[in-house]
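Structure data follow from query.txt (compact mmCIF, C-alpha atoms (C1' of nucleotides)):
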# COMPACT_ATOMS: atom_id res chain seq x y z
CA MET A 17 82.59 126.56 118.72
CA ARG A 18 81.13 123.61 116.93
CA LEU A 19 77.66 123.51 115.50
CA THR A 20 75.91 120.17 115.46
CA THR A 21 72.45 118.84 116.08
CA LYS A 22 73.35 118.21 119.69
CA GLY A 23 73.37 121.90 120.48
CA ARG A 24 70.08 122.29 118.67
CA PHE A 25 68.45 119.65 120.81
CA ALA A 26 69.71 121.39 123.89
CA VAL A 27 68.44 124.79 122.78
CA THR A 28 65.08 123.35 121.83
CA ALA A 29 64.76 121.67 125.20
CA MET A 30 65.74 124.82 127.01
CA ILE A 31 63.12 126.79 125.13
CA ASP A 32 60.60 124.21 126.20
CA VAL A 33 61.64 124.49 129.83
CA ALA A 34 61.53 128.27 129.62
CA MET A 35 58.06 128.20 128.12
CA HIS A 36 56.59 125.76 130.62
CA GLY A 37 58.49 126.84 133.68
CA GLY A 38 55.69 129.05 134.93
CA GLU A 39 54.05 126.32 136.96
CA GLY A 40 57.08 124.98 138.74
CA PRO A 41 59.72 122.48 137.62
CA VAL A 42 59.41 120.90 134.21
CA THR A 43 59.97 117.18 133.98
CA LEU A 44 62.14 115.77 131.26
CA ALA A 45 59.37 113.32 130.49
CA ALA A 46 57.18 116.27 129.53
CA VAL A 47 59.91 117.82 127.41
CA SER A 48 60.50 114.47 125.80
CA GLY A 49 56.82 114.13 124.96
CA ARG A 50 56.50 117.61 123.55
CA GLN A 51 59.76 117.83 121.66
CA HIS A 52 60.13 114.21 120.67
CA ILE A 53 63.59 113.84 122.09
CA SER A 54 64.42 110.62 123.87
CA LEU A 55 64.20 110.87 127.63
CA SER A 56 67.62 109.39 128.24
CA TYR A 57 69.23 111.71 125.78
CA LEU A 58 67.61 114.62 127.54
CA GLU A 59 68.96 113.28 130.80
CA GLN A 60 72.45 113.38 129.40
CA LEU A 61 72.02 116.88 128.05
CA PHE A 62 70.48 118.23 131.23
CA GLY A 63 73.21 116.64 133.28
CA LYS A 64 75.61 118.89 131.45
CA LEU A 65 73.31 121.88 131.59
CA ARG A 66 73.00 121.43 135.33
CA ARG A 67 76.73 121.07 135.86
CA SER A 68 77.18 124.23 133.82
CA GLY A 69 74.81 126.09 136.09
CA LEU A 70 72.17 126.79 133.46
CA VAL A 71 69.41 124.80 135.12
CA GLY A 72 68.56 123.65 138.59
CA SER A 73 66.85 120.41 139.52
CA VAL A 74 64.25 119.36 142.05
CA ARG A 75 63.98 115.72 142.89
CA GLY A 76 60.99 113.68 143.83
CA PRO A 77 57.37 113.98 142.83
CA GLY A 78 56.51 117.37 141.45
CA GLY A 79 60.17 117.86 140.70
CA GLY A 80 61.93 118.56 137.46
CA TYR A 81 64.17 121.22 136.02
CA HIS A 82 63.98 124.97 136.10
CA LEU A 83 66.15 127.69 134.66
CA ALA A 84 68.94 128.71 137.01
CA LYS A 85 68.99 132.22 135.57
CA PRO A 86 66.38 134.46 133.99
CA SER A 87 65.91 133.53 130.36
CA ASP A 88 67.05 136.95 129.24
CA GLN A 89 70.41 136.33 130.86
CA MET A 90 71.05 133.09 129.07
CA SER A 91 72.37 133.00 125.55
CA VAL A 92 72.30 130.38 122.83
CA ALA A 93 76.07 130.25 123.07
CA ASP A 94 75.87 129.39 126.77
CA ILE A 95 73.68 126.42 126.01
CA ILE A 96 75.75 125.15 123.11
CA ILE A 97 78.98 125.51 125.05
CA ALA A 98 77.46 123.54 127.90
CA VAL A 99 76.56 120.47 125.86
CA ASP A 100 78.98 120.51 122.94
CA GLU A 101 82.38 119.72 124.28
CA PRO A 102 84.81 122.21 122.87
CA ILE A 103 86.54 121.21 119.71
CA ASP A 104 90.27 121.64 119.84
CA ALA A 105 90.19 123.76 116.73
CA THR A 106 93.90 123.97 116.26
CA GLN A 107 94.72 120.43 115.18
CA CYS A 108 98.17 120.96 116.63
CA GLY A 109 96.81 121.24 120.16
CA GLY A 110 99.71 122.48 122.24
CA ARG A 111 102.41 120.58 120.41
CA GLU A 112 104.76 122.44 118.19
CA ASN A 113 103.28 120.45 115.37
CA CYS A 114 103.06 123.74 113.56
CA HIS A 115 105.02 124.05 110.36
CA ASP A 116 108.57 125.00 109.68
CA ASP A 117 108.01 128.40 108.20
CA ARG A 118 104.38 129.31 108.09
CA ARG A 119 103.11 127.58 111.18
CA CYS A 120 99.54 126.52 111.29
CA MET A 121 97.34 128.95 109.45
CA THR A 122 94.26 127.61 111.10
CA HIS A 123 95.35 128.91 114.45
CA GLU A 124 94.43 132.55 114.45
CA LEU A 125 92.17 132.06 111.50
CA TRP A 126 89.66 129.75 113.07
CA SER A 127 89.94 131.14 116.52
CA SER A 128 88.81 134.46 115.15
CA LEU A 129 85.96 132.91 113.24
CA ASN A 130 84.97 131.07 116.37
CA GLU A 131 85.05 134.31 118.26
CA HIS A 132 82.67 135.82 115.82
CA ILE A 133 80.19 133.03 115.75
CA PHE A 134 80.41 132.82 119.49
CA SER A 135 79.71 136.48 119.99
CA PHE A 136 76.88 136.28 117.52
CA LEU A 137 75.22 133.39 119.32
CA GLY A 138 76.10 134.98 122.62
CA GLY A 139 73.95 137.95 121.70
CA ILE A 140 70.80 135.90 121.29
CA THR A 141 69.05 135.20 124.56
CA LEU A 142 66.75 132.37 125.43
CA ALA A 143 64.08 134.95 126.20
CA GLU A 144 64.20 136.18 122.63
CA LEU A 145 63.77 132.70 121.28
CA VAL A 146 60.84 132.08 123.58
CA ARG A 147 59.17 135.32 122.57
CA GLN A 148 59.77 134.44 118.96
CA GLN A 149 58.33 131.01 119.50
CA ARG A 150 55.16 132.36 121.05
CA GLN A 151 54.06 134.47 118.17
CA PRO A 152 52.59 132.22 115.44
CA ALA A 153 55.62 131.81 113.24
CA PRO A 154 55.51 134.30 110.37
CA THR A 155 57.65 133.95 107.29
CA GLU A 156 61.18 132.77 107.76
CA VAL A 157 62.47 136.05 106.53
CA ALA A 158 60.61 137.90 109.22
CA VAL A 159 61.90 135.53 111.86
CA MET A 160 65.37 136.05 110.60
CA LYS A 161 65.00 139.75 110.61
CA ASP A 162 63.66 139.61 114.10
CA LEU A 163 66.60 137.56 115.24
CA ARG A 164 69.19 139.93 114.10
CA LEU A 165 68.63 142.42 116.88
CA PRO A 166 70.63 140.85 119.66
CA SER A 167 70.07 144.01 121.68
CA ALA A 168 72.94 143.47 124.06
CA GLY A 169 71.23 144.56 127.24
CA VAL A 170 67.78 143.06 126.92
CA PRO A 171 65.28 145.04 128.96
CA PRO A 172 63.29 142.71 131.24
CA PRO A 173 59.78 142.53 129.84
CA LYS A 174 57.52 144.82 131.81
CA VAL A 175 54.50 142.80 130.83
CA PRO A 176 54.99 139.29 132.22
CA VAL A 177 55.16 137.12 129.19
CA GLY A 178 51.99 135.33 130.15
CA GLU A 179 52.14 131.57 130.51
CA PRO A 180 48.84 130.64 128.88
CA VAL A 181 49.24 126.91 129.29
CA MET B 8 75.36 125.00 108.08
CA ARG B 9 77.47 122.75 110.18
CA LEU B 10 80.84 123.72 111.58
CA THR B 11 83.37 120.96 111.98
CA THR B 12 87.05 120.45 111.43
CA LYS B 13 86.36 119.18 107.95
CA GLY B 14 85.48 122.63 106.72
CA ARG B 15 88.56 124.01 108.41
CA PHE B 16 90.79 121.62 106.56
CA ALA B 17 89.16 122.63 103.33
CA VAL B 18 89.57 126.32 104.02
CA THR B 19 93.16 125.85 105.06
CA ALA B 20 93.90 123.92 101.90
CA MET B 21 92.20 126.53 99.75
CA ILE B 22 94.26 129.27 101.35
CA ASP B 23 97.33 127.25 100.52
CA VAL B 24 96.28 126.89 96.90
CA ALA B 25 95.48 130.57 96.69
CA MET B 26 98.85 131.50 98.13
CA HIS B 27 100.87 129.22 95.89
CA GLY B 28 98.80 129.45 92.74
CA GLY B 29 101.01 132.09 91.19
CA GLU B 30 103.26 129.62 89.39
CA GLY B 31 100.60 127.41 87.86
CA PRO B 32 98.68 124.52 89.35
CA VAL B 33 99.34 123.49 92.92
CA THR B 34 99.71 119.79 93.60
CA LEU B 35 97.91 118.21 96.50
CA ALA B 36 101.17 116.59 97.48
CA ALA B 37 102.59 120.06 98.07
CA VAL B 38 99.56 121.13 100.07
CA SER B 39 99.77 117.94 102.04
CA GLY B 40 103.40 118.58 102.84
CA ARG B 41 102.85 122.17 103.86
CA GLN B 42 99.61 121.79 105.78
CA HIS B 43 100.10 118.31 107.19
CA ILE B 44 96.85 116.95 105.83
CA SER B 45 96.82 113.45 104.43
CA LEU B 46 96.97 113.32 100.65
CA SER B 47 93.98 111.05 100.27
CA TYR B 48 91.88 113.23 102.47
CA LEU B 49 92.83 116.22 100.36
CA GLU B 50 91.85 114.27 97.27
CA GLN B 51 88.43 113.66 98.73
CA LEU B 52 88.02 117.29 99.70
CA PHE B 53 89.21 118.61 96.35
CA GLY B 54 86.96 116.19 94.54
CA LYS B 55 84.06 117.98 96.17
CA LEU B 56 85.58 121.40 95.67
CA ARG B 57 86.03 120.61 92.00
CA ARG B 58 82.50 119.30 91.57
CA SER B 59 81.28 122.47 93.26
CA GLY B 60 83.15 124.58 90.77
CA LEU B 61 85.51 126.17 93.24
CA VAL B 62 88.70 124.72 91.76
CA GLY B 63 89.85 123.42 88.42
CA SER B 64 92.28 120.59 87.86
CA VAL B 65 95.09 119.88 85.43
CA ARG B 66 96.24 116.29 85.06
CA GLY B 67 99.63 114.94 84.34
CA PRO B 68 103.06 116.16 85.28
CA GLY B 69 103.07 119.83 86.12
CA GLY B 70 99.38 119.53 86.86
CA GLY B 71 97.48 120.23 90.02
CA TYR B 72 94.65 122.42 91.18
CA HIS B 73 93.93 126.08 90.68
CA LEU B 74 91.15 128.35 91.84
CA ALA B 75 88.23 128.39 89.43
CA LYS B 76 87.32 131.92 90.48
CA PRO B 77 89.31 134.88 91.75
CA SER B 78 89.96 134.52 95.44
CA ASP B 79 87.99 137.64 96.21
CA GLN B 80 84.90 136.06 94.73
CA MET B 81 85.05 132.97 96.87
CA SER B 82 83.79 132.95 100.42
CA VAL B 83 84.47 130.77 103.40
CA ALA B 84 80.83 129.71 103.27
CA ASP B 85 81.27 128.51 99.68
CA ILE B 86 84.10 126.26 100.73
CA ILE B 87 82.39 124.86 103.79
CA ILE B 88 79.18 124.22 101.89
CA ALA B 89 81.14 122.36 99.24
CA VAL B 90 82.76 119.86 101.58
CA ASP B 91 80.38 119.62 104.53
CA GLU B 92 77.32 117.75 103.41
CA PRO B 93 74.29 119.65 104.53
CA ILE B 94 72.85 118.70 107.85
CA ASP B 95 69.14 118.14 107.78
CA ALA B 96 68.62 120.57 110.61
CA THR B 97 64.94 119.95 111.09
CA GLN B 98 64.94 116.52 112.69
CA CYS B 99 61.52 116.00 111.17
CA GLY B 100 62.89 116.12 107.63
CA GLY B 101 59.85 116.34 105.41
CA ARG B 102 57.62 114.10 107.48
CA GLU B 103 54.81 115.62 109.44
CA ASN B 104 56.66 114.45 112.49
CA CYS B 105 56.04 117.91 113.81
CA HIS B 106 54.01 118.20 116.95
CA ASP B 107 50.32 118.41 117.52
CA ASP B 108 50.04 121.99 118.57
CA ARG B 109 53.36 123.72 118.54
CA ARG B 110 55.08 121.97 115.70
CA CYS B 111 58.80 121.76 115.62
CA MET B 112 60.38 124.81 117.12
CA THR B 113 63.70 124.00 115.61
CA HIS B 114 62.39 124.63 112.16
CA GLU B 115 62.38 128.37 111.75
CA LEU B 116 64.62 128.80 114.73
CA TRP B 117 67.65 127.05 113.41
CA SER B 118 67.13 127.91 109.83
CA SER B 119 67.36 131.54 110.83
CA LEU B 120 70.47 130.95 112.88
CA ASN B 121 71.97 129.09 109.98
CA GLU B 122 71.12 131.98 107.73
CA HIS B 123 73.02 134.30 109.98
CA ILE B 124 76.10 132.20 110.29
CA PHE B 125 75.98 131.54 106.60
CA SER B 126 75.78 135.19 105.71
CA PHE B 127 78.56 135.95 108.14
CA LEU B 128 80.88 133.37 106.64
CA GLY B 129 79.67 134.31 103.19
CA GLY B 130 81.02 137.79 103.71
CA ILE B 131 84.57 136.62 104.29
CA THR B 132 86.47 136.03 101.08
CA LEU B 133 89.38 133.76 100.47
CA ALA B 134 91.34 136.80 99.37
CA GLU B 135 90.91 138.38 102.78
CA LEU B 136 92.17 135.27 104.49
CA VAL B 137 95.18 135.11 102.21
CA ARG B 138 96.01 138.75 102.81
CA GLN B 139 95.62 138.21 106.51
CA GLN B 140 97.87 135.18 106.33
CA ARG B 141 100.61 137.06 104.55
CA GLN B 142 101.17 139.71 107.12
CA PRO B 143 103.09 138.24 110.06
CA ALA B 144 100.18 137.40 112.34
CA PRO B 145 99.71 140.18 114.90
CA THR B 146 97.65 139.68 118.02
CA GLU B 147 94.52 137.63 117.72
CA VAL B 148 92.47 140.63 118.59
CA ALA B 149 93.81 142.53 115.64
CA VAL B 150 93.15 139.62 113.34
CA MET B 151 89.67 139.37 114.65
CA LYS B 152 89.06 143.03 114.16
CA ASP B 153 90.37 142.80 110.66
CA LEU B 154 88.03 139.97 109.89
CA ARG B 155 84.90 141.73 110.88
CA LEU B 156 84.62 143.82 107.75
CA PRO B 157 82.74 141.45 105.47
CA SER B 158 82.13 144.26 102.97
CA ALA B 159 78.97 142.78 101.51
CA GLY B 160 79.40 143.66 97.88
CA VAL B 161 83.07 143.08 97.42
CA PRO B 162 84.42 145.57 94.92
CA PRO B 163 86.79 143.88 92.49
CA PRO B 164 90.21 145.11 93.52
CA LYS B 165 91.55 147.59 91.02
CA VAL B 166 95.03 146.70 92.10
CA PRO B 167 95.45 143.01 91.42
CA VAL B 168 96.02 141.43 94.78
CA GLY B 169 99.57 140.77 93.83
CA GLU B 170 100.53 137.15 94.02
CA PRO B 171 104.22 137.56 94.75
CA VAL B 172 104.99 133.90 95.35
C1' DT C 20 107.12 104.98 77.61
C1' DT C 21 107.48 106.49 81.93
C1' DA C 22 106.87 109.34 85.70
C1' DT C 23 103.59 112.57 87.42
C1' DA C 24 99.44 113.79 89.35
C1' DC C 25 94.57 113.75 89.18
C1' DC C 26 90.71 110.44 89.99
C1' DC C 27 88.01 106.88 92.37
C1' DG C 28 86.36 103.69 95.76
C1' DA C 29 86.75 100.47 99.48
C1' DA C 30 87.96 99.79 104.03
C1' DC C 31 89.51 101.02 108.57
C1' DG C 32 89.86 102.88 113.67
C1' DA C 33 88.44 106.61 116.38
C1' DT C 34 85.16 109.62 117.83
C1' DT C 35 80.57 111.53 118.16
C1' DT C 36 75.45 111.06 118.04
C1' DA C 37 71.40 109.51 119.70
C1' DG C 38 69.23 106.20 122.08
C1' DT C 39 68.44 102.25 125.46
C1' DC C 40 68.70 99.92 129.77
C1' DA C 41 69.44 99.39 134.55
C1' DA C 42 70.35 100.62 139.06
C1' DC C 43 70.46 104.17 142.31
C1' DT C 44 69.05 108.38 145.41
C1' DA C 45 66.02 112.15 147.17
C1' DA C 46 61.59 113.70 148.20
C1' DA C 47 56.53 113.85 148.36
C1' DT C 48 52.40 111.43 149.40
C1' DC C 49 49.41 107.97 150.92
C1' DG D 13 57.11 103.62 156.57
C1' DA D 14 55.99 101.96 151.83
C1' DT D 15 55.31 103.63 147.45
C1' DT D 16 55.67 106.55 143.79
C1' DT D 17 57.84 110.22 141.36
C1' DA D 18 61.71 111.99 139.19
C1' DG D 19 66.49 113.20 139.14
C1' DT D 20 71.40 110.87 138.81
C1' DT D 21 74.69 107.93 137.08
C1' DG D 22 76.93 104.58 134.27
C1' DA D 23 77.39 101.20 130.81
C1' DC D 24 76.26 99.79 126.47
C1' DT D 25 74.57 100.03 121.61
C1' DA D 26 73.81 101.32 116.34
C1' DA D 27 74.70 104.62 113.27
C1' DA D 28 77.16 108.37 111.33
C1' DT D 29 81.20 111.14 110.66
C1' DC D 30 86.24 112.08 110.58
C1' DG D 31 90.56 111.34 109.00
C1' DT D 32 93.50 107.98 107.18
C1' DT D 33 95.43 104.12 104.50
C1' DC D 34 95.48 101.26 100.58
C1' DG D 35 94.97 99.96 95.90
C1' DG D 36 93.91 100.73 91.79
C1' DG D 37 92.83 103.52 87.76
C1' DT D 38 93.44 107.49 83.76
C1' DA D 39 95.33 111.62 81.44
C1' DT D 40 99.42 114.00 80.03
C1' DA D 41 104.01 116.13 79.89
C1' DA D 42 108.66 114.95 79.32

Could I get this structure in the form of structure tokens?
Amino acid sequence: MRLTTKGRFAVTAMIDVAMHGGEGPVTLAAVSGRQHISLSYLEQLFGKLRRSGLVGSVRGPGGGYHLAKPSDQMSVADIIIAVDEPIDATQCGGRENCHDDRRCMTHELWSSLNEHIFSFLGGITLAELVRQQRQPAPTEVAVMKDLRLPSAGVPPPKVPVGEPV
Amino acid sequence: MRLTTKGRFAVTAMIDVAMHGGEGPVTLAAVSGRQHISLSYLEQLFGKLRRSGLVGSVRGPGGGYHLAKPSDQMSVADIIIAVDEPIDATQCGGRENCHDDRRCMTHELWSSLNEHIFSFLGGITLAELVRQQRQPAPTEVAVMKDLRLPSAGVPPPKVPVGEPV
DNA sequence: TTATACCCGAACGATTTAGTCAACTAAATC
DNA sequence: GATTTAGTTGACTAAATCGTTCGGGTATAA
């Protein structure tokens, strides 16, 4: 798992779609306007998100993108994986480039770190980010504390989250 | 915090130094030979590691690099921070580029995610990686399980970690 | 004094990022 | 059916980063 700004753009855009998806498909032009991400870049990102099955698209007037799954069944890791092509991590891909005696420390080392970061980000759902975004951002510490309850099986919110826009 | 291969190279090299530091300074040429990383690239990385106070250097014949702190007081996060220049994360740096009403989701969002990843990697010490590297790599699962005990306040090992090399 | 090894910086190709442009297709609406 | 909306695709660009190569330094042990 690689962490760059690309994944952040994708997550930000997905939050936007999740927040404005109440009234039908969300156009990338709207996301672009709200999040200040270039339209064409969004097109590239959403092409990948669509091919990964995270969003669906509706063409023509009134069209746009919508989440393909409920936001509480979509994790940050899903989104990042979709847009950030996987890094090869091992540097000695499949080749026996590994060393004579102590063969490629990085192998198990980084794959395990990746596993951890992946499972961490996999525990944070889009729904949580949206909920967090709705309440008027408290201190960063509080946000952080709030984030650290991945709560594996997120109970679907009884009270519909209320799309005020 | 950004995760790229650059940080992995640095961590790998630091593990190598930690493992071979028993007999005095470790030359970058030796690290280069063992880890298959170009010498000049190592020089760049160790320049940063040195300026960050993670390693010390000895010039001249018989010289090389040594850890500036015990390996159990040095975390993976320390190393990555030292070599990976910080990503600006916020996209709207200091400017009030933030939006009209809902101003820059990414701000608190990603800073909190960064905090988490940082604290996760900050809990893994170089000493743990070295110890893990010494035992003949079991299954990845076992390695992974072993890694997930960050042990926040690392107690200084009564028994010196034993640098047999 | 010479070989060793750290130090420094410039330059390079490859890849990735982020953005732009242009042409196309599907669908809704007038 | 013509037009408009909006997704779809591809090529192309500037900038940054990655990893490397080269060429020179300087300090120090032998």

Find the residues of chain B in contact range of chain C, meaning any atom within 8 Å when counting all atoms listed in the file, and list them as a ChimeraX atom specification.
-> /B:34,64-71

Counting only C-alpha atoms (C1' of nucleotides), what is within 10 Å of Ala17 (chain B), bar same-chain residues fewer than 6 positions away, as an MDAnalysis selection string?
-> chainID B and resid 23 44 48:49 52:53 55:56 83 86:87 89:91

With only C-alpha atoms as the atoms that count, which of B:Leu10, B:His43, B:Ile124, B:Val24 lies nearest to Val137 (chain B)?
-> B:Val24

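Those residues of chain D that fall within 6 Å of chain B when using only C-alpha atoms (C1' of nucleotides) read DA39, DT40 and DA41 of chain D.
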
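Distance-wise, CA of Ala84 (chain B) and CA of Pro102 (chain A) end up 21.4 Å apart.
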
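A straight line drawn from CA of Gly23 (chain A) to CA of Gly130 (chain B) is 24.3 Å long.
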
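Compared by their closest atoms to chain A, and using only C-alpha atoms, the residues B:Leu128, B:Met81, B:Val33, B:Leu133 rank with B:Leu128 nearest.
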
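Nearest to chain B of all the residues A:Gly37, A:Pro86, A:Gly69, A:Gly138 is A:Gly138, based on all atoms listed in the file.
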